[in-house]
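Below: one structure, written as structure tokens.
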Amino acid sequence: MASKAGAAASFMFMLFLLNTACQAQLSPAFYDSSCPNALSAIRTAIRSAIASDRRMAASLIRLHFHDCFVQGCDASILLDETTSIQSEKTALGNLNSARGYNVIDKAKTEVEKICPGVVSCADIIAVAARDASAYVGGPSYAVKLGRRDSTTASRTLANAELPAFFESLESLISRFQKKGLTARDMVALSGSHTLGQAQCFTFRERIYNHSNIDAGFASTRRRRCPRVGSDATLAPLDLVTPNSFDNNYFKNLMQNKGLLQSDQVLFNGGSTDSIVSEYSRNPARFKSDFGSAMIKMGDIGLLTGSSGQIRRICSAVN
């Protein structure tokens with residue numbers, strides 16, 4: 001047991017050193033000289049997209065999350081299928097659900113017009129998530145920049161490492177810990193679900209067969225999600241304020257109104273109950289912790305310096 005504990009501690013220390021070295025090369029001012037108008041160009045594209053489709057805010061935040069959890073924050077999620085690349089777009093957690101690829105492509109096009117070959121797609125995803133949060137009332141935070149883009153993608157890793165809607169609290173905590181994120185980070189990041197929607201097939205089991213669910217809430221959700229069929233029908237994760245970044249998600253969990261199993265496990269007599277309760281009472285603390293967790297998540301598995309490349313088109317390697 002001691003040797004296993006020592007090995008685990010050694011692994012986490014090496015991960016810390018690696019992340020620290022990569023973080024040292026990132027800075028919010030990275031493009032101040034090489035492309036001073038990059039952030040304003042990205043912000044304009046993101047605001048325009050969300051103004052046309054409010055749901056896009058949640059999609060862009062989720063896109064950043066799904067990028068960082070597979071190979072790190074390297075824009076691998078944007079690569080299309082080729083003879084040598086298995087696109088992550090067709091992974092189980094992304095297929096017919098991940099959105100926003102075209103918005104990132106639009107932002108990249110605008111940035112390329114003013115600074116060709118300078119700004120990475122990975123950085124654009126990270127900035128887009130921050131701008132999406134701010135546009136719908138969530139926190140704005142300083143995004144560290146200087147990431148480079150991967151030349152590979154992995155559908156296999158995406159299938160293995162993206163959290164699923166049916167997972168237990170212990171499994172979720174373990175997944176996040178492997179990425180250097182705490183249980184508190186996980187709960188804070190989950191709060192962005194207040195903006196999200198889910199397909200019927202992801203919550204059917206919960207609304208028909210689970211006991212830890214408010215009866216009236218379950219009845220309402222069954223109206224558009226029958227026992228058979230309508231698998232892709234969407235429902236907002238937060239019925240109260242689905243278009244605003246607030247702390248209603250946590251209030252819902254405390255009333256057993258979490259739509260997904262992976263949401264309700266955060267408040268179900270387990271170790272994260274107290275965090276959910278705190279965020280339900282203190283929206284300012286939630287938003288502060290969310291911003292900090294997004295910055296921390298943005299440091300996962302970085303490519304910097306001469307690693308990777310700056311893609312000219314986000315969906316293909318140069």
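Lettering and numbering for the structure tokens are positional, with chains as A, B, ... in the shown order, residues counted from 1 in each chain, and ligands counted from 1 in the shown order.
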
Check: Residues of stretch 18-233 of chain A in helix (DSSP H, G or I) according to DSSP, as a count of residues only?
Finding: 117

Next item on the list: For A:Arg130, please output as a PyMOL selection string all residues within 9 Å (counting only C-alpha atoms; exclusion window: fewer than 5 positions along the same chain).
Entry: chain A and resi 60-61+125+135+138-143+291+294

Checklist line | Residue nearest A:Arg222 among A:Ala153, A:Leu259, A:Leu26, A:Val187 (counting only C-alpha atoms) | finding: A:Leu259

Next item on the list: Could you tell me how far atom CA of A:Ala284 lies from atom CA of A:Gly100, in Å and to one decimal?
Entry: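 These atoms are spaced 27.7 Å apart.
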
Check: Which residues come within 12 Å of A:Ala29, counting only C-alpha atoms, excluding same-chain residues fewer than 5 positions away, as a list in words?
Finding: Ser34, Cys35, Pro36, Asn37, Ala38, Leu39, Ala142, Val143, Lys144, Leu145 and Gly146 of chain A

Notebook entry, point to check: Which residues, written as a list of chain:residue names, have at least one atom at most 12 Å from A:Leu157, with only C-alpha atoms counted and residues fewer than 3 positions away on the same chain left out?
Noted result: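 So the residues in contact are A:His66, A:Asp67, A:Cys68, A:Phe69, A:Val70, A:Gln71, A:Gly72, A:Ser76, A:Ile77, A:Gln86, A:Ser87, A:Glu88, A:Lys89, A:Thr90, A:Ala91, A:Leu92, A:Gly93, A:Thr152, A:Ala153, A:Ser154, A:Ala160, A:Glu161, A:Leu162, A:Pro163.
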
Next item on the list: Excluding stretch 112-123 of chain A and any residue of its chain fewer than 6 positions from it, enumerate the residues within 6 Å of it, using only C-alpha atoms, and give them as a ChimeraX atom specification.
Entry: /A:35,74-75,147-149,310,312,314

Closest-contact table, stretch 67-138 of chain A side, partner stretch 195-198 of chain A, 10 Å, counting only C-alpha atoms, as JSON lines:
```
{"residue": "A:Ser97", "atom": "CA", "partner": "A:Ala198", "partner_atom": "CA", "distance": 8.6}
{"residue": "A:Ser133", "atom": "CA", "partner": "A:Leu195", "partner_atom": "CA", "distance": 9.7}
{"residue": "A:Val136", "atom": "CA", "partner": "A:Leu195", "partner_atom": "CA", "distance": 9.0}
```

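When only C-alpha atoms are used to measure the gap to A:Leu239, the shortest distance among A:Gln199, A:Val265, A:Thr156, A:Thr194 belongs to A:Thr194.
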